[in-house]
file model-v5.pdb (PDB, C-alpha atoms and all ligand atoms)
ATOM      1  CA  MET B  12       0.000   0.000   0.000  1.00  0.00           C
ATOM      2  CA  ARG B  13       1.042   3.603  -0.468  1.00  0.00           C
ATOM      3  CA  VAL B  14       1.162   5.869   2.583  1.00  0.00           C
ATOM      4  CA  SER B  15       1.396   9.649   2.715  1.00  0.00           C
ATOM      5  CA  LEU B  16       2.787  11.221   5.835  1.00  0.00           C
ATOM      6  CA  VAL B  17       4.643  14.289   7.053  1.00  0.00           C
ATOM      7  CA  VAL B  18       8.117  13.520   8.361  1.00  0.00           C
ATOM      8  CA  ASN B  19      10.065  16.316  10.028  1.00  0.00           C
ATOM      9  CA  GLY B  20       7.816  18.859   8.355  1.00  0.00           C
ATOM     10  CA  GLU B  21       8.067  17.438   4.843  1.00  0.00           C
ATOM     11  CA  GLU B  22       5.266  15.647   3.059  1.00  0.00           C
ATOM     12  CA  THR B  23       6.409  12.282   1.810  1.00  0.00           C
ATOM     13  CA  GLN B  24       5.023   9.088   0.357  1.00  0.00           C
ATOM     14  CA  ALA B  25       6.236   5.510   0.420  1.00  0.00           C
ATOM     15  CA  ASP B  26       5.149   2.092  -0.727  1.00  0.00           C
ATOM     16  CA  VAL B  27       5.001  -0.168   2.319  1.00  0.00           C
ATOM     17  CA  TRP B  28       3.879  -3.595   3.380  1.00  0.00           C
ATOM     18  CA  PRO B  29       1.117  -2.661   5.847  1.00  0.00           C
ATOM     19  CA  GLY B  30       2.537  -4.944   8.520  1.00  0.00           C
ATOM     20  CA  GLU B  31       6.032  -3.534   8.574  1.00  0.00           C
ATOM     21  CA  SER B  32       6.937  -1.136  11.350  1.00  0.00           C
ATOM     22  CA  LEU B  33       7.176   2.628  11.228  1.00  0.00           C
ATOM     23  CA  LEU B  34      10.787   2.105  12.303  1.00  0.00           C
ATOM     24  CA  TYR B  35      11.457   0.033   9.179  1.00  0.00           C
ATOM     25  CA  LEU B  36       9.708   2.644   7.047  1.00  0.00           C
ATOM     26  CA  LEU B  37      11.842   5.445   8.500  1.00  0.00           C
ATOM     27  CA  ARG B  38      15.155   3.625   8.386  1.00  0.00           C
ATOM     28  CA  GLU B  39      14.923   1.476   5.286  1.00  0.00           C
ATOM     29  CA  ARG B  40      12.533   3.317   2.988  1.00  0.00           C
ATOM     30  CA  LEU B  41      12.948   6.981   3.907  1.00  0.00           C
ATOM     31  CA  GLY B  42      16.692   6.981   4.647  1.00  0.00           C
ATOM     32  CA  LEU B  43      16.370   8.203   8.241  1.00  0.00           C
ATOM     33  CA  PRO B  44      18.585   5.891  10.317  1.00  0.00           C
ATOM     34  CA  GLY B  45      18.682   8.105  13.427  1.00  0.00           C
ATOM     35  CA  SER B  46      15.947   6.106  15.148  1.00  0.00           C
ATOM     36  CA  LYS B  47      17.688   2.941  16.307  1.00  0.00           C
ATOM     37  CA  ASN B  48      16.517  -0.635  16.315  1.00  0.00           C
ATOM     38  CA  ALA B  49      17.697  -2.354  19.460  1.00  0.00           C
ATOM     39  CA  CYS B  50      14.862  -4.580  20.679  1.00  0.00           C
ATOM     40  CA  GLU B  51      11.962  -4.192  18.244  1.00  0.00           C
ATOM     41  CA  GLN B  52       9.669  -4.998  21.174  1.00  0.00           C
ATOM     42  CA  GLY B  53       8.905  -1.638  22.752  1.00  0.00           C
ATOM     43  CA  GLU B  54      11.315  -2.262  25.619  1.00  0.00           C
ATOM     44  CA  CYS B  55      14.298   0.011  25.042  1.00  0.00           C
ATOM     45  CA  GLY B  56      13.126   3.356  23.639  1.00  0.00           C
ATOM     46  CA  SER B  57      15.969   3.583  21.111  1.00  0.00           C
ATOM     47  CA  CYS B  58      13.407   4.060  18.322  1.00  0.00           C
ATOM     48  CA  SER B  59      11.491   6.911  20.045  1.00  0.00           C
ATOM     49  CA  VAL B  60       9.771   9.377  17.710  1.00  0.00           C
ATOM     50  CA  LEU B  61       6.875  11.786  17.998  1.00  0.00           C
ATOM     51  CA  LEU B  62       3.693  10.593  16.320  1.00  0.00           C
ATOM     52  CA  ASP B  63       1.300  13.523  15.983  1.00  0.00           C
ATOM     53  CA  GLY B  64       3.223  15.135  18.830  1.00  0.00           C
ATOM     54  CA  THR B  65       3.105  12.166  21.185  1.00  0.00           C
ATOM     55  CA  LEU B  66       6.163  10.109  22.096  1.00  0.00           C
ATOM     56  CA  ALA B  67       5.953   6.634  20.587  1.00  0.00           C
ATOM     57  CA  CYS B  68       8.145   3.627  19.916  1.00  0.00           C
ATOM     58  CA  ALA B  69       8.409   3.466  16.137  1.00  0.00           C
ATOM     59  CA  CYS B  70       8.977  -0.294  16.328  1.00  0.00           C
ATOM     60  CA  LEU B  71       5.469  -0.762  17.754  1.00  0.00           C
ATOM     61  CA  VAL B  72       3.623   1.320  15.156  1.00  0.00           C
ATOM     62  CA  LEU B  73       2.639  -0.260  11.851  1.00  0.00           C
ATOM     63  CA  ALA B  74       3.619   1.581   8.714  1.00  0.00           C
ATOM     64  CA  GLY B  75       0.072   1.082   7.500  1.00  0.00           C
ATOM     65  CA  GLN B  76      -1.198   3.109  10.471  1.00  0.00           C
ATOM     66  CA  VAL B  77       0.737   6.301   9.789  1.00  0.00           C
ATOM     67  CA  ASP B  78      -1.010   7.291   6.563  1.00  0.00           C
ATOM     68  CA  GLY B  79      -2.057  10.915   7.023  1.00  0.00           C
ATOM     69  CA  HIS B  80      -0.068  11.357  10.228  1.00  0.00           C
ATOM     70  CA  ARG B  81       2.867  13.504  11.313  1.00  0.00           C
ATOM     71  CA  ILE B  82       6.175  12.096  12.516  1.00  0.00           C
ATOM     72  CA  GLU B  83       9.141  13.860  14.048  1.00  0.00           C
ATOM     73  CA  THR B  84      12.421  11.993  14.331  1.00  0.00           C
ATOM     74  CA  VAL B  85      15.760  12.889  15.860  1.00  0.00           C
ATOM     75  CA  GLU B  86      16.872  14.107  12.422  1.00  0.00           C
ATOM     76  CA  GLY B  87      14.280  16.885  12.666  1.00  0.00           C
ATOM     77  CA  LEU B  88      15.530  18.389  15.930  1.00  0.00           C
ATOM     78  CA  ALA B  89      18.472  20.446  14.666  1.00  0.00           C
ATOM     79  CA  ARG B  90      17.565  23.780  13.082  1.00  0.00           C
ATOM     80  CA  ASP B  91      19.576  25.768  10.539  1.00  0.00           C
ATOM     81  CA  GLY B  92      22.711  23.782  11.276  1.00  0.00           C
ATOM     82  CA  GLU B  93      22.390  24.317  15.045  1.00  0.00           C
ATOM     83  CA  LEU B  94      21.973  21.331  17.341  1.00  0.00           C
ATOM     84  CA  HIS B  95      18.839  21.250  19.468  1.00  0.00           C
ATOM     85  CA  PRO B  96      19.700  22.393  23.042  1.00  0.00           C
ATOM     86  CA  VAL B  97      19.226  18.814  24.264  1.00  0.00           C
ATOM     87  CA  GLN B  98      21.616  17.481  21.635  1.00  0.00           C
ATOM     88  CA  GLN B  99      24.197  20.122  22.541  1.00  0.00           C
ATOM     89  CA  ALA B 100      23.785  19.384  26.244  1.00  0.00           C
ATOM     90  CA  PHE B 101      24.371  15.655  25.656  1.00  0.00           C
ATOM     91  CA  VAL B 102      27.602  16.500  23.850  1.00  0.00           C
ATOM     92  CA  ASP B 103      28.736  18.986  26.483  1.00  0.00           C
ATOM     93  CA  ALA B 104      27.920  16.695  29.412  1.00  0.00           C
ATOM     94  CA  GLY B 105      29.612  13.664  27.872  1.00  0.00           C
ATOM     95  CA  ALA B 106      26.294  11.791  28.043  1.00  0.00           C
ATOM     96  CA  VAL B 107      27.080   9.714  24.947  1.00  0.00           C
ATOM     97  CA  GLN B 108      29.152   6.548  25.037  1.00  0.00           C
ATOM     98  CA  CYS B 109      28.275   3.953  22.396  1.00  0.00           C
ATOM     99  CA  GLY B 110      25.469   6.295  21.327  1.00  0.00           C
ATOM    100  CA  PHE B 111      22.933   3.631  20.521  1.00  0.00           C
ATOM    101  CA  CYS B 112      20.412   4.897  23.066  1.00  0.00           C
ATOM    102  CA  THR B 113      21.146   8.552  22.399  1.00  0.00           C
ATOM    103  CA  PRO B 114      18.671   9.413  19.620  1.00  0.00           C
ATOM    104  CA  GLY B 115      15.761   7.985  21.575  1.00  0.00           C
ATOM    105  CA  LEU B 116      16.827   9.709  24.778  1.00  0.00           C
ATOM    106  CA  VAL B 117      17.266  13.006  22.967  1.00  0.00           C
ATOM    107  CA  VAL B 118      13.790  12.782  21.415  1.00  0.00           C
ATOM    108  CA  ALA B 119      12.248  11.876  24.780  1.00  0.00           C
ATOM    109  CA  ALA B 120      14.124  14.650  26.618  1.00  0.00           C
ATOM    110  CA  ALA B 121      13.236  17.257  23.988  1.00  0.00           C
ATOM    111  CA  ASP B 122       9.599  16.201  24.286  1.00  0.00           C
ATOM    112  CA  LEU B 123       9.767  16.556  28.075  1.00  0.00           C
ATOM    113  CA  LEU B 124      11.260  20.041  27.912  1.00  0.00           C
ATOM    114  CA  ALA B 125       8.695  21.142  25.323  1.00  0.00           C
ATOM    115  CA  ARG B 126       5.961  20.175  27.789  1.00  0.00           C
ATOM    116  CA  THR B 127       7.753  20.916  31.061  1.00  0.00           C
ATOM    117  CA  PRO B 128      10.499  23.524  30.622  1.00  0.00           C
ATOM    118  CA  SER B 129      11.825  23.245  34.202  1.00  0.00           C
ATOM    119  CA  PRO B 130      11.379  19.610  35.203  1.00  0.00           C
ATOM    120  CA  SER B 131      12.330  18.187  38.580  1.00  0.00           C
ATOM    121  CA  ASP B 132      14.768  15.271  38.719  1.00  0.00           C
ATOM    122  CA  ASP B 133      11.823  12.964  39.347  1.00  0.00           C
ATOM    123  CA  GLU B 134      10.052  14.301  36.267  1.00  0.00           C
ATOM    124  CA  ILE B 135      13.192  13.770  34.183  1.00  0.00           C
ATOM    125  CA  ARG B 136      13.576  10.204  35.476  1.00  0.00           C
ATOM    126  CA  GLU B 137       9.914   9.477  34.800  1.00  0.00           C
ATOM    127  CA  ALA B 138      10.058  10.941  31.285  1.00  0.00           C
ATOM    128  CA  LEU B 139      13.150   8.915  30.401  1.00  0.00           C
ATOM    129  CA  SER B 140      12.089   5.731  32.166  1.00  0.00           C
ATOM    130  CA  GLY B 141      11.260   4.041  28.861  1.00  0.00           C
ATOM    131  CA  ASN B 142      14.723   4.651  27.444  1.00  0.00           C
ATOM    132  CA  LEU B 143      17.400   2.151  28.390  1.00  0.00           C
ATOM    133  CA  CYS B 144      21.127   2.878  28.377  1.00  0.00           C
ATOM    134  CA  ARG B 145      23.608   0.130  29.115  1.00  0.00           C
ATOM    135  CA  CYS B 146      26.712   2.328  29.106  1.00  0.00           C
ATOM    136  CA  THR B 147      26.432   5.554  31.050  1.00  0.00           C
ATOM    137  CA  GLY B 148      24.745   4.766  34.348  1.00  0.00           C
ATOM    138  CA  TYR B 149      22.375   7.654  33.517  1.00  0.00           C
ATOM    139  CA  GLY B 150      24.189  10.247  35.659  1.00  0.00           C
ATOM    140  CA  ARG B 151      25.472  12.303  32.748  1.00  0.00           C
ATOM    141  CA  ILE B 152      22.189  11.923  30.908  1.00  0.00           C
ATOM    142  CA  LEU B 153      20.371  13.493  33.853  1.00  0.00           C
ATOM    143  CA  GLU B 154      23.018  16.193  33.998  1.00  0.00           C
ATOM    144  CA  ALA B 155      22.530  16.903  30.284  1.00  0.00           C
ATOM    145  CA  VAL B 156      18.766  17.260  30.581  1.00  0.00           C
ATOM    146  CA  ARG B 157      19.111  19.530  33.622  1.00  0.00           C
ATOM    147  CA  SER B 158      21.600  21.652  31.715  1.00  0.00           C
ATOM    148  CA  ALA B 159      19.388  21.834  28.613  1.00  0.00           C
ATOM    149  CA  ALA B 160      16.488  22.966  30.796  1.00  0.00           C
ATOM    150  CA  GLU B 161      18.629  25.705  32.335  1.00  0.00           C
ATOM    151  CA  HIS B 162      19.917  27.000  29.000  1.00  0.00           C
ATOM    152  CA  ALA B 163      16.763  26.658  26.892  1.00  0.00           C
TER     153      ALA B 163
HETATM  154  S1  LIG Q 201      13.610  -0.805  19.184  1.00  0.00           S
HETATM  155 FE1  LIG Q 201      11.691   0.091  19.663  1.00  0.00          FE
HETATM  156  S2  LIG Q 201      11.583   0.061  21.848  1.00  0.00           S
HETATM  157 FE2  LIG Q 201      13.438  -0.987  21.362  1.00  0.00          FE
HETATM  158  S1  LIG Q 202      25.470   5.202  25.476  1.00  0.00           S
HETATM  159 FE1  LIG Q 202      25.534   3.057  24.997  1.00  0.00          FE
HETATM  160  S2  LIG Q 202      23.515   2.365  25.403  1.00  0.00           S
HETATM  161 FE2  LIG Q 202      23.512   4.417  26.094  1.00  0.00          FE
END

call {"tool": "encode", "arguments": {"input": "model-v5.pdb", "output": "structure tokens", "more": "lines below"}}
Ligand code: FES
Ligand code: FES
result
Amino acid sequence: MRVSLVVNGEETQADVWPGESLLYLLRERLGLPGSKNACEQGECGSCSVLLDGTLACACLVLAGQVDGHRIETVEGLARDGELHPVQQAFVDAGAVQCGFCTPGLVVAAADLLARTPSPSDDEIREALSGNLCRCTGYGRILEAVRSAAEHA
């Protein structure tokens, strides 16, 4: 089937098998590999995107369901060559090790700060609770989100 959707502000179309995932559509058909595929079971958050403005795991959404919908991926966060404040804060805080979890965490953190500009530590932990990182121990990730909130 053919789907029409808006990805990072641009209207696009793709021929998909209705049962394939939005993650597959983004990565393999639309050339947007920023959203990562770690578990494909909704457990790790590495594939986090915004679907009509709501955080979602792209691996759990069927490509056939996104016809007529709006998707934002990590590739859409930077503006005019400038990193999003959350991306810059992750770099500055050294919150990236292998980087596999980073796109999903950045999307989730940017979504949090768009809704809650000055979150408490508990609110940050809650917002990022669906995003697993096996490298950092989360300390620098928390630091990065706090810093992004302060400088936004
Ligand atoms: S790849 Fe989607 S939640 Fe892990
Ligand atoms: S930096 Fe490696 S999984 Fe998070």

call {"tool": "resolve_selection", "arguments": {"input": "model-v5.pdb", "expression": "the PyMOL selection byres (((chain B and resi 15) around 8) and not hetatm)", "output": "PyMOL selection string"}}
result
chain B and resi 13-14+16-17+22-25+77-80

call {"tool": "atom_distance", "arguments": {"input": "model-v5.pdb", "atom1": "CA of Leu124 in chain B", "atom2": "CA of Glu83 in chain B"}}
result
15.3 Å

call {"tool": "residues_around", "arguments": {"input": "model-v5.pdb", "residues": "range 142-159 of chain B", "least_positions_apart": "6", "cutoff": "6 Å", "atoms": "all atoms listed in the file", "output": "count of residues only"}}
result
9

call {"tool": "atom_distance", "arguments": {"input": "model-v5.pdb", "atom1": "CA of Pro114 in chain B", "atom2": "CA of Glu54 in chain B"}}
result
15.0 Å

call {"tool": "closest_residue", "arguments": {"input": "model-v5.pdb", "among": "B:Ser32, B:Asn19, B:Gln108, B:Asn48", "to": "ligand LIG 201 (chain Q)", "atoms": "all atoms listed in the file"}}
result
B:Asn48

call {"tool": "atom_distance", "arguments": {"input": "model-v5.pdb", "atom1": "atom S1 of ligand LIG 202 (chain Q)", "atom2": "CA of Pro130 in chain B"}}
result
22.4 Å

call {"tool": "axis_aligned_box", "arguments": {"input": "model-v5.pdb", "around": "ligand LIG 202 (chain Q)", "padding_each_side": "3 Å", "output": "AutoDock Vina command-line options"}}
result
--center_x 24.5 --center_y 3.8 --center_z 25.5 --size_x 8.0 --size_y 8.8 --size_z 7.1
